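Novice: What follows is a single structure, and I will ask about it in a moment.
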Protein chains: 2
Amino acid sequence: MTNIKAYLNEKAEVVNKALEKYFSGIKNCPDNLLEAMKYGTLSGGKRIRAILAMAAAEAVGKKGESVIKIACAAELIHNFSLIHDDLPCMDNDLTRRGKPTCHAKYGETLALLAGDALLIYAFEIALPESSNKLKDYLHFPLALRELAAASGPIGMVGGQVLDIEFSEKEKNISNLLHIHSMKTGALIRGSILAGAIAAGANKNELECLSEYGSNLGLTFQIVDDILDYNEGKKDKISFPAILGLEKSRQKALEATRKAFRAIEPLGEKGKILKEIANYLLEREI
Amino acid sequence: MTNIKAYLNEKAEVVNKALEKYFSGIKNCPDNLLEAMKYGTLSGGKRIRAILAMAAAEAVGKKGESVIKIACAAELIHNFSLIHDDLPCMDNDLTRRGKPTCHAKYGETLALLAGDALLIYAFEIALPESSNKLKDYLHFPLALRELAAASGPIGMVGGQVLDIEFSEKEKNISNLLHIHSMKTGALIRGSILAGAIAAGANKNELECLSEYGSNLGLTFQIVDDILDYNEGKKDKISFPAILGLEKSRQKALEATRKAFRAIEPLGEKGKILKEIANYLLEREI
């Protein structure tokens with residue numbers, strides 16, 4: 001059996017180094033903007049989306065590192081969304097990952113603009129810089145389009161709108177599934193598909209990975225909710241608040257099984273993705 | 001002489017129709033989000049950046065409409081920036097183009113997210129949707145990278161940070177030129193270059209257009225400042241506030257002349273770009 005924790009740590013390190021390299025490529029940007037962008041991105045985080053993009057590339061026979069630009073784009077998009085999510089007009093959160101949120105540290109204006117800059121820079125790093133790179137990165141624009149679709153009005157941002165506008169009493173299980181599939185699930189599935197597309201996956205592989213990604217996203221969110229619930233956050237509407245802990249665990253397990261089945265056709269190459277699914281089901285942080 | 005006003009009106013109409021088409025392609029997005037995105041984009045605006053992208057494509061021998069996706073991406077990026085610029089933590093403006101700003105109408109949260117969604121959708125529409133489109137839009141990813149660079153930390157967003165952090169007394173003419181070259185100039189020049197790149201421009205053409213774009217951006221900002229000044233907005237630091245009206249007009253005229261000279265090598269094909277430069281110098285709105 002692969003040591004999945006070692007795999008995740010190793011890949012997270014690859015992502016962190018790449019992100020630092022991309023940040024060091026930003027020249028002549030106001031110092032405090034760059035500082036806020038780095039603070040919002042490099043202060044922790046498990047790099048799950050980036051790792052999934054690389055693992056999906058491996059599952060279709062390419063090296064994970066070959067899609068590092070797409071993996072880092074997914075991670076920057078995720079971190080942009082966290083900065084904006086924490087803003088006073090959104091969740092108004094003052095701490096994240098045990099540290100002050102970006103606006104708590106740099107003020108609302110700079111945090112807003114740091115989020116905007118990260119989102120734009122996500123696309124910049126993953127687009128070809130010159131015409132002689134077009135062939136090397138032939139499928140990257142398709143992968144980026146997948147990431148954009150997963151993040152925008154019909155994906156993550158749309159899900160944030162729904163999350164805010166549904167009143168607490170409207171948050172029944174069916175609405176909760178819908179909100180989460182957009183707000184969290186779309187970018188998780190999108191990161192997997194983008195990694196695979198960038199690696200030149202074929203239609204059958206993408207179908208398997210799409211189904212895997214949807215179920216993995218659901219597992220991820222249910223487990224997140226369970227962890228929050230067990231830490232005492234019982235006031236917000238969540239899977240355990242509606243279904244109870246036991247049924248929530250059951251639902252996460254079912255989704256993981258579906259994710260497993262979805263990638264059966266990939267055979268041995270799907271092994272790491274299965275182990276990641278298992279890890280995300282059983283994680284305790 | 002071309003009737004430049006008729007040209008601009010005709011192209012603006014093409015852009016508006018295309019934007020409406022792209023918005024109608026957003027399915028299953030929360031209704032109020034789509035409404036706020038459309039409100040922030042379709043409530044007026046001269047479409048200068050999109051028209052410049054198309055005119056630049058024409059200046060290198062392609063049809064303007066062939067780069068409509070890049071033109072609309074530039075326009076969506078511009079409109080995202082206006083929505084965020086108007087927010088309470090930024091300029092806190094309640095009206096724009098004679099109407100309530102996006103957050104004045106839809107609230108701060110939805111306006112923030114509508115801006116985010118527009119920015120993401122800008123990239124989505126201009127990226128190829130399937131592998132059989134890759135060849136048709138071969139240079140579009142390069143063009144998009146140019147737009148991203150012009151909009152992000154070393155471009156427009158970086159300029160917004162500088163504009164906010166410089167105290168009024170630090171806004172001497174040298175700092176003002178620097179701020180505006182990033183905040184406004186970068187996306188104007190970027191739209192021109194992106195249109196030309198998407199149309200397959202060569203290195204020499206891009207050099208001419210880069211110089212043209214820098215000077216056009218400067219003209220645009222000085223004239224904007226003069227128009228605001230003449231309307232009574234005399235409290236903000238601007239070119240006429242520092243240099244006086246006469247010297248500001250002189251500076252705009254010089255920049256326009258430089259823009260003219262920059263595209264001499266394009267010959268007859270540069271005619272429309274010259275007329276646009278002249279129009280932007282002499283405009284009264």
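In the structure tokens, chains take the letters A, B, ... in the order shown, each chain's residues start at 1, and ligands count up from 1 in the order shown.
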Dump as a list in words the residues of chain B that approach chain A to within 7 Å, counting only C-alpha atoms.

Specialist: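 Filtering chain B at 7 Å from chain A with only C-alpha atoms gives Asn28, Cys29, Pro30, Cys89, Met90, Glu108, Thr109, Leu113, Ala117, Ile120, Tyr121, Phe123, Glu124, Leu127, Pro128, Glu129, Ser130, Pro141, Leu142, Arg145, Ala148, Ala149, Gly152, Pro153, Ile154, Val157, Gly158 and Leu162 of chain B.
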
Novice: Env of Ile272 in chain B: 9 Å cut, atoms = only C-alpha atoms, seq-sep filter 3 positions within chain, self excluded. Answer as number ranges by chain.

Specialist: B: 2, 4, 7, 55-56, 58-59, 268-269, 275-277

Novice: May I have the selected residues written with N, CA and C atoms, as a PDB file, in the first residue's frame?

Specialist:
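Result saved to again-v3.pdb:
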ATOM      1  N   THR B   2     -13.028  58.508 -42.753  1.00  0.00           N
ATOM      2  CA  THR B   2     -14.023  57.599 -42.164  1.00  0.00           C
ATOM      3  C   THR B   2     -14.896  58.386 -41.196  1.00  0.00           C
ATOM      4  N   ILE B   4     -15.809  58.356 -37.996  1.00  0.00           N
ATOM      5  CA  ILE B   4     -15.332  57.593 -36.835  1.00  0.00           C
ATOM      6  C   ILE B   4     -16.439  57.342 -35.816  1.00  0.00           C
ATOM      7  N   TYR B   7     -18.358  54.434 -37.006  1.00  0.00           N
ATOM      8  CA  TYR B   7     -17.556  53.228 -36.779  1.00  0.00           C
ATOM      9  C   TYR B   7     -17.662  52.778 -35.320  1.00  0.00           C
ATOM     10  N   ALA B  55     -10.226  46.878 -33.445  1.00  0.00           N
ATOM     11  CA  ALA B  55      -9.531  47.767 -34.384  1.00  0.00           C
ATOM     12  C   ALA B  55      -8.069  47.348 -34.547  1.00  0.00           C
ATOM     13  N   ALA B  56      -7.453  46.846 -33.464  1.00  0.00           N
ATOM     14  CA  ALA B  56      -6.067  46.383 -33.549  1.00  0.00           C
ATOM     15  C   ALA B  56      -5.976  45.140 -34.437  1.00  0.00           C
ATOM     16  N   GLU B  58      -7.928  44.555 -36.930  1.00  0.00           N
ATOM     17  CA  GLU B  58      -8.071  45.084 -38.293  1.00  0.00           C
ATOM     18  C   GLU B  58      -6.751  45.716 -38.764  1.00  0.00           C
ATOM     19  N   ALA B  59      -6.053  46.348 -37.838  1.00  0.00           N
ATOM     20  CA  ALA B  59      -4.795  47.004 -38.195  1.00  0.00           C
ATOM     21  C   ALA B  59      -3.704  46.006 -38.589  1.00  0.00           C
ATOM     22  N   GLU B 268      -1.584  52.396 -44.229  1.00  0.00           N
ATOM     23  CA  GLU B 268      -3.019  52.616 -44.402  1.00  0.00           C
ATOM     24  C   GLU B 268      -3.856  51.820 -43.390  1.00  0.00           C
ATOM     25  N   LYS B 269      -3.348  50.637 -43.007  1.00  0.00           N
ATOM     26  CA  LYS B 269      -4.093  49.781 -42.074  1.00  0.00           C
ATOM     27  C   LYS B 269      -4.224  50.409 -40.680  1.00  0.00           C
ATOM     28  N   GLU B 275      -7.683  57.488 -36.157  1.00  0.00           N
ATOM     29  CA  GLU B 275      -8.939  58.232 -35.964  1.00  0.00           C
ATOM     30  C   GLU B 275      -9.508  58.016 -34.567  1.00  0.00           C
ATOM     31  N   ILE B 276      -9.317  56.809 -34.042  1.00  0.00           N
ATOM     32  CA  ILE B 276      -9.778  56.573 -32.667  1.00  0.00           C
ATOM     33  C   ILE B 276      -8.965  57.438 -31.698  1.00  0.00           C
ATOM     34  N   ALA B 277      -7.661  57.500 -31.925  1.00  0.00           N
ATOM     35  CA  ALA B 277      -6.803  58.322 -31.052  1.00  0.00           C
ATOM     36  C   ALA B 277      -7.261  59.778 -31.094  1.00  0.00           C
TER      37      ALA B 277
END

Novice: Take CA of Leu76 in chain A and CA of Arg49 in chain A and report the distance between them in Å, one decimal.

Specialist: 9.8 Å

Novice: Show me, as a ChimeraX atom specification, the residues that have an atom within 10 Å of Ser210 in chain A when counting only C-alpha atoms, minus same-chain residues fewer than 4 positions from it.

Specialist: /A:189-190,192-193,204-206,214-216,259,262-263

Novice: Mind the document's chain letters and residue numbers, and return as a list in words the residues of range 71-252 of chain B that DSSP labels strand (DSSP E or B).

Specialist: Thr95, Arg96, Lys99 and Pro100 of chain B

Novice: Please provide as an mmCIF file with N, CA and C atoms, in the first residue's frame all residues within 7 Å of range 233-248 of chain A, with the sequence filter that same-chain residues fewer than 3 positions apart are discarded (counting only C-alpha atoms).

Specialist:
data_model
loop_
_atom_site.group_PDB
_atom_site.id
_atom_site.type_symbol
_atom_site.label_atom_id
_atom_site.label_comp_id
_atom_site.auth_asym_id
_atom_site.auth_seq_id
_atom_site.Cartn_x
_atom_site.Cartn_y
_atom_site.Cartn_z
ATOM 1 N N GLU A 168 -31.981 30.165 6.643
ATOM 2 C CA GLU A 168 -31.640 28.942 7.371
ATOM 3 C C GLU A 168 -32.735 27.875 7.230
ATOM 4 N N LYS A 171 -32.720 25.695 4.203
ATOM 5 C CA LYS A 171 -31.592 24.793 4.003
ATOM 6 C C LYS A 171 -31.949 23.360 4.403
ATOM 7 N N ILE A 173 -32.119 19.250 3.136
ATOM 8 C CA ILE A 173 -31.019 18.437 2.617
ATOM 9 C C ILE A 173 -30.851 18.594 1.094
ATOM 10 N N ILE A 222 -19.202 16.787 3.353
ATOM 11 C CA ILE A 222 -19.848 16.147 4.505
ATOM 12 C C ILE A 222 -18.846 15.982 5.640
ATOM 13 N N ASP A 225 -18.201 19.204 7.348
ATOM 14 C CA ASP A 225 -19.321 19.514 8.237
ATOM 15 C C ASP A 225 -19.249 18.703 9.531
ATOM 16 N N ILE A 226 -18.920 17.417 9.410
ATOM 17 C CA ILE A 226 -18.842 16.553 10.594
ATOM 18 C C ILE A 226 -17.731 17.037 11.524
ATOM 19 N N ASP A 228 -16.473 20.083 11.763
ATOM 20 C CA ASP A 228 -16.925 21.334 12.397
ATOM 21 C C ASP A 228 -17.922 21.046 13.518
ATOM 22 N N TYR A 229 -18.845 20.143 13.241
ATOM 23 C CA TYR A 229 -19.904 19.794 14.201
ATOM 24 C C TYR A 229 -19.300 19.224 15.483
ATOM 25 N N LYS A 251 -23.656 8.710 4.545
ATOM 26 C CA LYS A 251 -23.730 9.390 3.240
ATOM 27 C C LYS A 251 -22.330 9.636 2.666
ATOM 28 N N ALA A 252 -21.410 9.989 3.536
ATOM 29 C CA ALA A 252 -20.028 10.208 3.087
ATOM 30 C C ALA A 252 -19.418 8.893 2.604
#

Novice: Which value, in Å to one decimal, gives the distance between CA of Pro100 in chain A and CA of His103 in chain B?

Specialist: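 So the answer is 26.5 Å.
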
Novice: Just how far from CA of Phe260 in chain A is CA of Tyr212 in chain A, in Å to one decimal?

Specialist: 7.1 Å
